[in-house]
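Colleague: Here you go, entry.cif (mmCIF, C-alpha atoms):
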```cif
data_upload
#
loop_
_atom_site.label_atom_id
_atom_site.label_comp_id
_atom_site.auth_asym_id
_atom_site.auth_seq_id
_atom_site.Cartn_x
_atom_site.Cartn_y
_atom_site.Cartn_z
CA MET J 1 15.46 9.98 32.98
CA ALA J 2 15.28 13.67 33.82
CA LEU J 3 12.60 14.76 36.23
CA PRO J 4 9.99 17.25 34.90
CA SER J 5 10.27 20.92 35.80
CA LEU J 6 7.74 22.07 38.37
CA ASP J 7 8.73 25.71 38.03
CA LEU J 8 5.93 28.11 37.02
CA ASP J 9 8.43 29.67 34.57
CA LEU J 10 6.91 33.10 35.09
CA HIS J 11 10.22 34.74 35.99
CA GLY J 12 10.70 37.80 33.79
CA SER J 13 7.28 37.55 32.13
CA HIS J 14 5.38 40.84 31.93
CA VAL J 15 2.09 40.48 33.78
CA LEU J 16 -0.53 43.23 33.66
CA ILE J 17 -3.30 43.16 36.26
CA THR J 18 -6.31 45.49 36.24
CA GLY J 19 -7.90 46.22 39.60
CA GLY J 20 -4.58 45.43 41.22
CA ALA J 21 -5.17 47.66 44.24
CA GLY J 22 -8.36 45.86 45.25
CA LEU J 23 -8.81 43.43 48.11
CA ILE J 24 -8.21 40.44 45.82
CA GLY J 25 -6.00 42.25 43.33
CA ARG J 26 -3.34 43.05 45.92
CA VAL J 27 -2.90 39.38 46.74
CA VAL J 28 -2.74 38.45 43.05
CA VAL J 29 -0.05 41.10 42.50
CA ASP J 30 1.97 39.77 45.45
CA HIS J 31 1.85 36.23 44.07
CA PHE J 32 3.12 37.28 40.64
CA VAL J 33 5.91 39.37 42.18
CA ALA J 34 6.87 36.36 44.31
CA ALA J 35 6.99 34.27 41.12
CA GLY J 36 9.54 36.68 39.67
CA ALA J 37 7.30 38.34 37.11
CA ARG J 38 7.50 41.96 36.01
CA VAL J 39 4.15 43.37 37.09
CA SER J 40 2.13 46.33 35.82
CA CYS J 41 -0.58 47.01 38.39
CA LEU J 42 -3.47 49.07 36.98
CA ASP J 43 -6.14 50.64 39.16
CA ILE J 44 -8.44 53.65 39.11
CA SER J 45 -7.30 54.55 42.63
CA TYR J 46 -3.78 55.43 41.49
CA SER J 47 -2.76 58.98 40.60
CA THR J 48 -3.13 60.05 36.97
CA GLU J 49 0.37 61.51 37.14
CA VAL J 50 2.97 59.15 35.72
CA ASN J 51 5.34 58.06 38.47
CA PRO J 52 8.97 58.83 37.46
CA GLU J 53 9.86 55.32 38.62
CA CYS J 54 7.80 53.97 35.69
CA LYS J 55 10.82 54.59 33.52
CA SER J 56 12.95 52.30 35.63
CA HIS J 57 12.87 48.57 35.15
CA ALA J 58 11.78 47.67 38.64
CA PRO J 59 9.66 44.51 38.75
CA TYR J 60 6.52 46.36 39.87
CA THR J 61 4.83 49.47 38.49
CA GLN J 62 1.59 51.19 39.52
CA ILE J 63 -0.42 52.83 36.72
CA HIS J 64 -3.69 54.77 36.83
CA CYS J 65 -6.41 53.22 34.70
CA ASP J 66 -10.18 53.57 34.38
CA VAL J 67 -11.07 50.40 32.51
CA SER J 68 -14.38 51.87 31.34
CA SER J 69 -12.46 54.50 29.32
CA GLU J 70 -10.90 53.49 26.01
CA ASP J 71 -8.35 56.31 26.18
CA SER J 72 -7.38 55.41 29.75
CA VAL J 73 -6.89 51.73 28.92
CA GLN J 74 -4.78 52.54 25.87
CA ALA J 75 -2.63 55.01 27.81
CA ALA J 76 -2.13 52.53 30.67
CA PHE J 77 -1.01 49.78 28.30
CA GLU J 78 1.37 52.18 26.57
CA THR J 79 2.97 53.05 29.91
CA ALA J 80 3.18 49.40 30.90
CA THR J 81 4.71 48.37 27.58
CA SER J 82 7.27 51.19 27.55
CA THR J 83 8.31 50.15 31.07
CA HIS J 84 8.36 46.36 30.93
CA GLY J 85 7.95 45.43 27.27
CA PRO J 86 4.96 43.73 25.61
CA VAL J 87 2.29 42.43 27.98
CA GLU J 88 2.43 38.64 27.97
CA VAL J 89 0.02 37.69 30.76
CA CYS J 90 -3.07 39.86 31.22
CA VAL J 91 -5.35 39.44 34.22
CA ALA J 92 -8.67 41.28 33.73
CA LEU J 93 -9.73 41.58 37.35
CA ALA J 94 -11.13 45.11 37.62
CA SER J 95 -14.90 45.24 38.18
CA LEU J 96 -17.61 46.73 40.35
CA ASP J 97 -18.53 44.26 43.08
CA PHE J 98 -21.05 43.97 45.89
CA SER J 99 -19.05 46.30 48.11
CA VAL J 100 -19.97 49.25 45.87
CA LEU J 101 -23.24 48.11 44.28
CA GLN J 102 -26.59 48.86 45.85
CA HIS J 103 -28.77 45.81 46.54
CA SER J 104 -32.45 45.92 45.65
CA SER J 105 -35.28 43.82 44.27
CA PHE J 106 -35.35 43.76 40.49
CA VAL J 107 -38.50 45.89 40.31
CA ASP J 108 -36.68 48.63 42.24
CA ALA J 109 -33.33 48.20 40.44
CA SER J 110 -31.42 51.24 39.21
CA PHE J 111 -30.97 51.60 35.47
CA MET J 112 -27.99 53.90 36.08
CA GLN J 113 -26.31 51.19 38.16
CA LEU J 114 -26.94 48.68 35.39
CA LYS J 115 -25.27 50.91 32.80
CA ARG J 116 -22.30 51.66 35.05
CA THR J 117 -21.84 47.95 35.80
CA LEU J 118 -21.91 47.07 32.11
CA ASP J 119 -19.43 49.87 31.35
CA VAL J 120 -16.92 48.62 33.92
CA ASN J 121 -17.46 44.87 34.16
CA ILE J 122 -18.19 44.08 30.50
CA ALA J 123 -16.82 46.96 28.42
CA GLY J 124 -13.82 47.29 30.73
CA THR J 125 -12.95 43.63 30.33
CA TRP J 126 -13.51 43.88 26.57
CA LEU J 127 -11.21 46.92 26.28
CA THR J 128 -8.54 45.24 28.41
CA ALA J 129 -8.66 42.07 26.32
CA ARG J 130 -8.51 43.99 23.05
CA GLU J 131 -5.54 46.12 24.11
CA TRP J 132 -3.66 43.03 25.30
CA LEU J 133 -4.27 41.23 22.00
CA ARG J 134 -3.27 44.30 19.98
CA GLY J 135 0.02 44.31 21.86
CA VAL J 136 0.52 40.62 21.16
CA ARG J 137 -0.07 41.21 17.44
CA LYS J 138 2.40 44.10 17.40
CA ALA J 139 5.03 42.01 19.18
CA LYS J 140 4.57 39.26 16.59
CA GLN J 141 4.93 41.73 13.72
CA GLU J 142 8.13 43.05 15.27
CA GLY J 143 9.50 39.54 15.68
CA LYS J 144 9.68 39.69 19.47
CA LYS J 145 9.86 36.57 21.58
CA LEU J 146 7.10 36.18 24.18
CA SER J 147 6.32 33.52 26.76
CA ASN J 148 3.21 32.60 28.75
CA VAL J 149 0.99 34.48 26.30
CA ASN J 150 -2.47 34.36 27.81
CA LEU J 151 -5.44 36.29 29.13
CA ILE J 152 -7.23 35.43 32.37
CA ILE J 153 -10.72 36.87 32.85
CA ILE J 154 -12.09 37.06 36.38
CA GLY J 155 -15.70 35.96 36.49
CA SER J 156 -17.82 34.84 39.43
CA GLU J 157 -20.11 32.15 40.78
CA SER J 158 -22.81 34.74 40.08
CA GLY J 159 -22.21 34.21 36.39
CA HIS J 160 -23.38 30.61 36.85
CA PHE J 161 -26.11 30.86 39.47
CA GLY J 162 -27.47 34.39 39.16
CA GLU J 163 -27.66 36.97 41.90
CA ARG J 164 -30.94 37.96 43.47
CA GLN J 165 -30.96 41.71 44.21
CA ASN J 166 -28.01 42.30 41.88
CA ALA J 167 -29.00 40.97 38.47
CA GLU J 168 -26.70 43.50 36.77
CA TYR J 169 -23.63 41.92 38.40
CA SER J 170 -24.63 38.40 37.40
CA LEU J 171 -25.44 39.56 33.87
CA ALA J 172 -22.01 41.15 33.49
CA LYS J 173 -20.07 38.19 34.86
CA SER J 174 -21.95 35.66 32.73
CA ALA J 175 -21.17 37.79 29.67
CA VAL J 176 -17.40 37.86 30.21
CA GLN J 177 -17.00 34.24 31.33
CA GLY J 178 -19.42 33.05 28.66
CA GLY J 179 -19.77 34.84 25.35
CA LEU J 180 -16.53 36.84 25.53
CA LEU J 181 -14.45 33.86 26.65
CA MET J 182 -15.85 31.56 23.97
CA SER J 183 -15.31 34.19 21.27
CA LEU J 184 -11.72 34.91 22.29
CA ARG J 185 -10.94 31.18 22.43
CA ALA J 186 -11.01 31.15 18.64
CA GLU J 187 -9.49 34.62 18.20
CA VAL J 188 -6.29 34.68 20.25
CA VAL J 189 -4.61 31.71 18.55
CA ARG J 190 -4.90 33.54 15.23
CA GLU J 191 -2.77 36.35 16.59
CA TRP J 192 -0.20 34.22 18.45
CA PRO J 193 0.12 30.43 18.09
CA GLY J 194 -0.41 28.84 21.49
CA ALA J 195 -1.97 31.94 23.05
CA ARG J 196 -4.66 31.05 25.57
CA VAL J 197 -7.63 32.60 27.31
CA ASN J 198 -9.42 31.26 30.39
CA ALA J 199 -11.61 32.51 33.22
CA VAL J 200 -11.55 32.09 36.99
CA ALA J 201 -14.94 32.15 38.72
CA PRO J 202 -14.53 32.54 42.50
CA GLY J 203 -17.18 31.87 45.10
CA PRO J 204 -17.48 34.11 48.21
CA VAL J 205 -13.93 35.30 48.86
CA ASP J 206 -12.75 35.81 52.43
CA THR J 207 -11.76 39.46 52.23
CA ASP J 208 -11.75 41.88 55.16
CA ARG J 209 -14.85 43.54 53.75
CA TRP J 210 -16.73 40.23 53.43
CA THR J 211 -15.81 39.37 57.03
CA GLU J 212 -17.16 42.71 58.21
CA GLU J 213 -20.39 42.17 56.27
CA CYS J 214 -20.81 38.78 57.94
CA LYS J 215 -20.43 40.41 61.36
CA GLN J 216 -23.25 42.79 60.47
CA ASN J 217 -25.38 39.95 59.09
CA PRO J 218 -24.45 36.64 60.76
CA GLU J 219 -26.68 34.64 58.39
CA GLN J 220 -24.58 35.76 55.41
CA TYR J 221 -21.71 33.42 56.25
CA TYR J 222 -24.02 30.39 56.33
CA LEU J 223 -26.06 31.35 53.27
CA GLU J 224 -23.10 32.19 51.01
CA ALA J 225 -20.27 29.97 52.19
CA GLN J 226 -21.88 26.92 53.81
CA ALA J 227 -25.46 26.10 52.82
CA THR J 228 -24.63 25.24 49.19
CA THR J 229 -20.84 24.89 49.41
CA ALA J 230 -19.24 21.47 49.83
CA LEU J 231 -16.10 22.70 51.61
CA CYS J 232 -18.32 24.71 53.97
CA GLN J 233 -16.08 27.79 54.08
CA PRO J 234 -15.31 30.95 52.11
CA VAL J 235 -12.54 30.99 49.51
CA PRO J 236 -9.14 32.29 50.70
CA ARG J 237 -7.75 35.07 48.53
CA GLY J 238 -4.58 33.06 48.06
CA ALA J 239 -6.57 30.22 46.50
CA VAL J 240 -7.87 32.59 43.84
CA ALA J 241 -4.38 33.97 43.23
CA LYS J 242 -2.83 30.51 42.87
CA ALA J 243 -5.50 29.46 40.37
CA ILE J 244 -4.64 32.53 38.31
CA LEU J 245 -0.92 31.72 38.48
CA PHE J 246 -1.63 28.15 37.38
CA LEU J 247 -3.46 29.43 34.29
CA ALA J 248 -0.77 32.04 33.61
CA SER J 249 1.95 29.40 33.47
CA ASP J 250 2.42 27.61 30.15
CA ASN J 251 4.51 25.06 32.00
CA PHE J 252 1.53 24.10 34.16
CA SER J 253 -1.51 24.75 31.95
CA SER J 254 -0.33 24.88 28.33
CA HIS J 255 -3.44 23.10 27.02
CA VAL J 256 -6.07 24.59 29.30
CA HIS J 257 -7.86 26.93 26.91
CA GLY J 258 -11.34 28.42 26.80
CA GLN J 259 -12.24 27.09 30.24
CA VAL J 260 -13.92 28.51 33.34
CA ILE J 261 -12.07 27.37 36.46
CA ASN J 262 -14.43 27.47 39.42
CA VAL J 263 -12.65 28.36 42.66
CA ASP J 264 -15.71 28.14 44.86
CA GLY J 265 -15.30 25.25 47.30
CA GLY J 266 -17.75 23.07 45.38
CA LYS J 267 -20.58 25.58 45.08
CA GLN J 268 -23.89 23.99 44.04
CA GLY J 269 -26.14 27.02 43.75
CA LYS J 270 -27.86 29.67 45.83
CA VAL J 271 -30.28 29.51 48.73
CA VAL J 272 -33.60 30.68 47.25
CA TRP J 273 -35.73 30.98 50.41
CA THR J 274 -34.59 31.63 53.97
CA LYS J 275 -36.54 30.09 56.84
CA GLU J 276 -37.82 33.54 57.77
CA GLU J 277 -39.14 34.12 54.25
CA VAL J 278 -40.89 30.76 54.13
CA ALA J 279 -42.48 31.42 57.50
#
```
Mind turning the file's structure into structure tokens?
Modeller:
Amino acid sequence: MALPSLDLDLHGSHVLITGGAGLIGRVVVDHFVAAGARVSCLDISYSTEVNPECKSHAPYTQIHCDVSSEDSVQAAFETATSTHGPVEVCVALASLDFSVLQHSSFVDASFMQLKRTLDVNIAGTWLTAREWLRGVRKAKQEGKKLSNVNLIIIGSESGHFGERQNAEYSLAKSAVQGGLLMSLRAEVVREWPGARVNAVAPGPVDTDRWTEECKQNPEQYYLEAQATTALCQPVPRGAVAKAILFLASDNFSSHVHGQVINVDGGKQGKVVWTKEEVA
């Protein structure tokens, strides 16, 4: 009896990652490159000038993309496809997070920040998903062979539990890991048999920025990563990346579809009142 293959089988697959230059995105990119994938890394921080190396078939390509712009998303996918072929795995990671959002009580919340967050975190994910699925449809019409055809949406624990002082972030994450995910669950299989869509919802991730924030506010570590978290520690970036790779691999997750995978250390909710507030 032959033993089963425990290979991710991602070698040669074209993986497109939005927000690939971010603190989490960089680690996700590294994991896919290590798995042998051809990676298109999209980020708003990259130059708008097309790098001449994009025409080569190196396994990794950086492409400028503003996910809140329809034209920018379409142009980025065109560059990625002309370089590495049709996008098979799409990781919609780009979003505005707490490092750039202002925190305030809801009564003092900024309407402009709400609109910007919805443009990037919801519309940007929507545009990314649509462009990926359009490419899948075109590949099918042209009779091309694809593998590991799936979309992975990056949500958040905030989409489950809410986020006091940043309702706009919670609203956006619940939209993409809820309504958008459930809608695409029934859509993608109509464009490519066996295509899948799932979401990863991380808890507090142990980035350099989060560590610095905890130094400035020592209570943050306890409140976010211990008080309501069974494993009593923040989530390593590699744990998020490996969950994404698991979902990307048909060999490992071929029948995981329409699911939210919580990578949060057993998060049970949010602390509502601190001792100081109660006092």
Colleague: Check the smallest atom-to-atom distance from each of J:Tyr222, J:Tyr46, J:Trp210, J:Phe246 to Thr18 of chain J using all atoms listed in the file, then report the winner.
Modeller: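 Ranked by minimum distance to Thr18 of chain J, first place goes to J:Tyr46.
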Colleague: Out of J:Val271, J:Ala76, J:Cys41, J:Ile122, which residue has the shortest atom-to-atom distance to Ile154 of chain J when counting only C-alpha atoms?
Modeller: J:Ile122
Colleague: Kindly compute an axis-aligned box around the listed atoms of segment 246-257 of chain J, allowing 4 Å on each side, and express its centre and edge lengths in Å to one decimal as AutoDock Vina command-line options.
Modeller:
```
--center_x -1.7 --center_y 27.6 --center_z 32.1 --size_x 20.4 --size_y 16.9 --size_z 18.5
```
Colleague: Of the residues J:Leu96, J:Val107, J:Ala243, J:Leu223, which is the one nearest to Ser68 of chain J, using all atoms listed in the file?
Modeller: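 For Ser68 of chain J, the nearest of the candidates is J:Leu96.
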Colleague: I need the residue nearest Gln165 of chain J from this list: J:Ala21, J:Val67, J:Phe106, J:His255. Use only C-alpha atoms for the distance.
Modeller: J:Phe106
Colleague: How would you write, as an NGL selection string, the residues chosen by the PyMOL selection byres ((chain J and resi 32-34) around 8) on this structure?
Modeller: :J and (10 or 15 or 28-31 or 35-39 or 59-60 or 245)
Colleague: Please evaluate the PyMOL selection byres ((chain J and resi 220) around 12) against the displayed coordinates and give the resulting residues as a PDB file with C-alpha atoms, keeping the file's coordinate frame.
Modeller:
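Output (expr_19.pdb):
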```
ATOM      1  CA  PRO J 204     -17.480  34.110  48.210  1.00  0.00           C
ATOM      2  CA  TRP J 210     -16.730  40.230  53.430  1.00  0.00           C
ATOM      3  CA  THR J 211     -15.810  39.370  57.030  1.00  0.00           C
ATOM      4  CA  GLU J 212     -17.160  42.710  58.210  1.00  0.00           C
ATOM      5  CA  GLU J 213     -20.390  42.170  56.270  1.00  0.00           C
ATOM      6  CA  CYS J 214     -20.810  38.780  57.940  1.00  0.00           C
ATOM      7  CA  LYS J 215     -20.430  40.410  61.360  1.00  0.00           C
ATOM      8  CA  GLN J 216     -23.250  42.790  60.470  1.00  0.00           C
ATOM      9  CA  ASN J 217     -25.380  39.950  59.090  1.00  0.00           C
ATOM     10  CA  PRO J 218     -24.450  36.640  60.760  1.00  0.00           C
ATOM     11  CA  GLU J 219     -26.680  34.640  58.390  1.00  0.00           C
ATOM     12  CA  TYR J 221     -21.710  33.420  56.250  1.00  0.00           C
ATOM     13  CA  TYR J 222     -24.020  30.390  56.330  1.00  0.00           C
ATOM     14  CA  LEU J 223     -26.060  31.350  53.270  1.00  0.00           C
ATOM     15  CA  GLU J 224     -23.100  32.190  51.010  1.00  0.00           C
ATOM     16  CA  ALA J 225     -20.270  29.970  52.190  1.00  0.00           C
ATOM     17  CA  GLN J 226     -21.880  26.920  53.810  1.00  0.00           C
ATOM     18  CA  ALA J 227     -25.460  26.100  52.820  1.00  0.00           C
ATOM     19  CA  GLN J 233     -16.080  27.790  54.080  1.00  0.00           C
ATOM     20  CA  PRO J 234     -15.310  30.950  52.110  1.00  0.00           C
ATOM     21  CA  LYS J 270     -27.860  29.670  45.830  1.00  0.00           C
ATOM     22  CA  VAL J 271     -30.280  29.510  48.730  1.00  0.00           C
ATOM     23  CA  THR J 274     -34.590  31.630  53.970  1.00  0.00           C
TER      24      THR J 274
END
```
Colleague: Using the chain letters and numbering of this document, enumerate as a list in words the residues selected by the PyMOL selection byres ((chain J and resi 164) around 12).
Modeller: Phe98, Gln102, His103, Ser104, Ser105, Phe106, Val107, Ala109, Ser158, Gly159, Phe161, Gly162, Glu163, Gln165, Asn166, Ala167, Glu168, Tyr169, Ser170, Leu171, Gly269, Lys270, Val271, Val272 and Trp273 of chain J
Colleague: Separation of atom CA of Val260 of chain J and atom CA of His14 of chain J, in Å?
Modeller: 22.9 Å
Colleague: Could you extract segment 91-105 of chain J of the given structure into a file holding C-alpha atoms, as an mmCIF file, in the first residue's frame?
Modeller:
```cif
data_model
loop_
_atom_site.group_PDB
_atom_site.id
_atom_site.type_symbol
_atom_site.label_atom_id
_atom_site.label_comp_id
_atom_site.auth_asym_id
_atom_site.auth_seq_id
_atom_site.Cartn_x
_atom_site.Cartn_y
_atom_site.Cartn_z
ATOM 1 C CA VAL J 91 -4.745 35.768 -1.057
ATOM 2 C CA ALA J 92 -6.736 38.949 -0.342
ATOM 3 C CA LEU J 93 -4.693 40.296 2.546
ATOM 4 C CA ALA J 94 -4.478 44.040 1.873
ATOM 5 C CA SER J 95 -6.424 46.172 4.352
ATOM 6 C CA LEU J 96 -6.183 49.151 6.662
ATOM 7 C CA ASP J 97 -5.401 47.948 10.185
ATOM 8 C CA PHE J 98 -5.028 49.427 13.646
ATOM 9 C CA SER J 99 -1.540 50.706 12.876
ATOM 10 C CA VAL J 100 -3.004 53.327 10.521
ATOM 11 C CA LEU J 101 -6.527 53.805 11.884
ATOM 12 C CA GLN J 102 -7.316 56.406 14.510
ATOM 13 C CA HIS J 103 -8.979 55.057 17.669
ATOM 14 C CA SER J 104 -11.937 56.908 19.147
ATOM 15 C CA SER J 105 -15.272 56.384 20.845
#
```
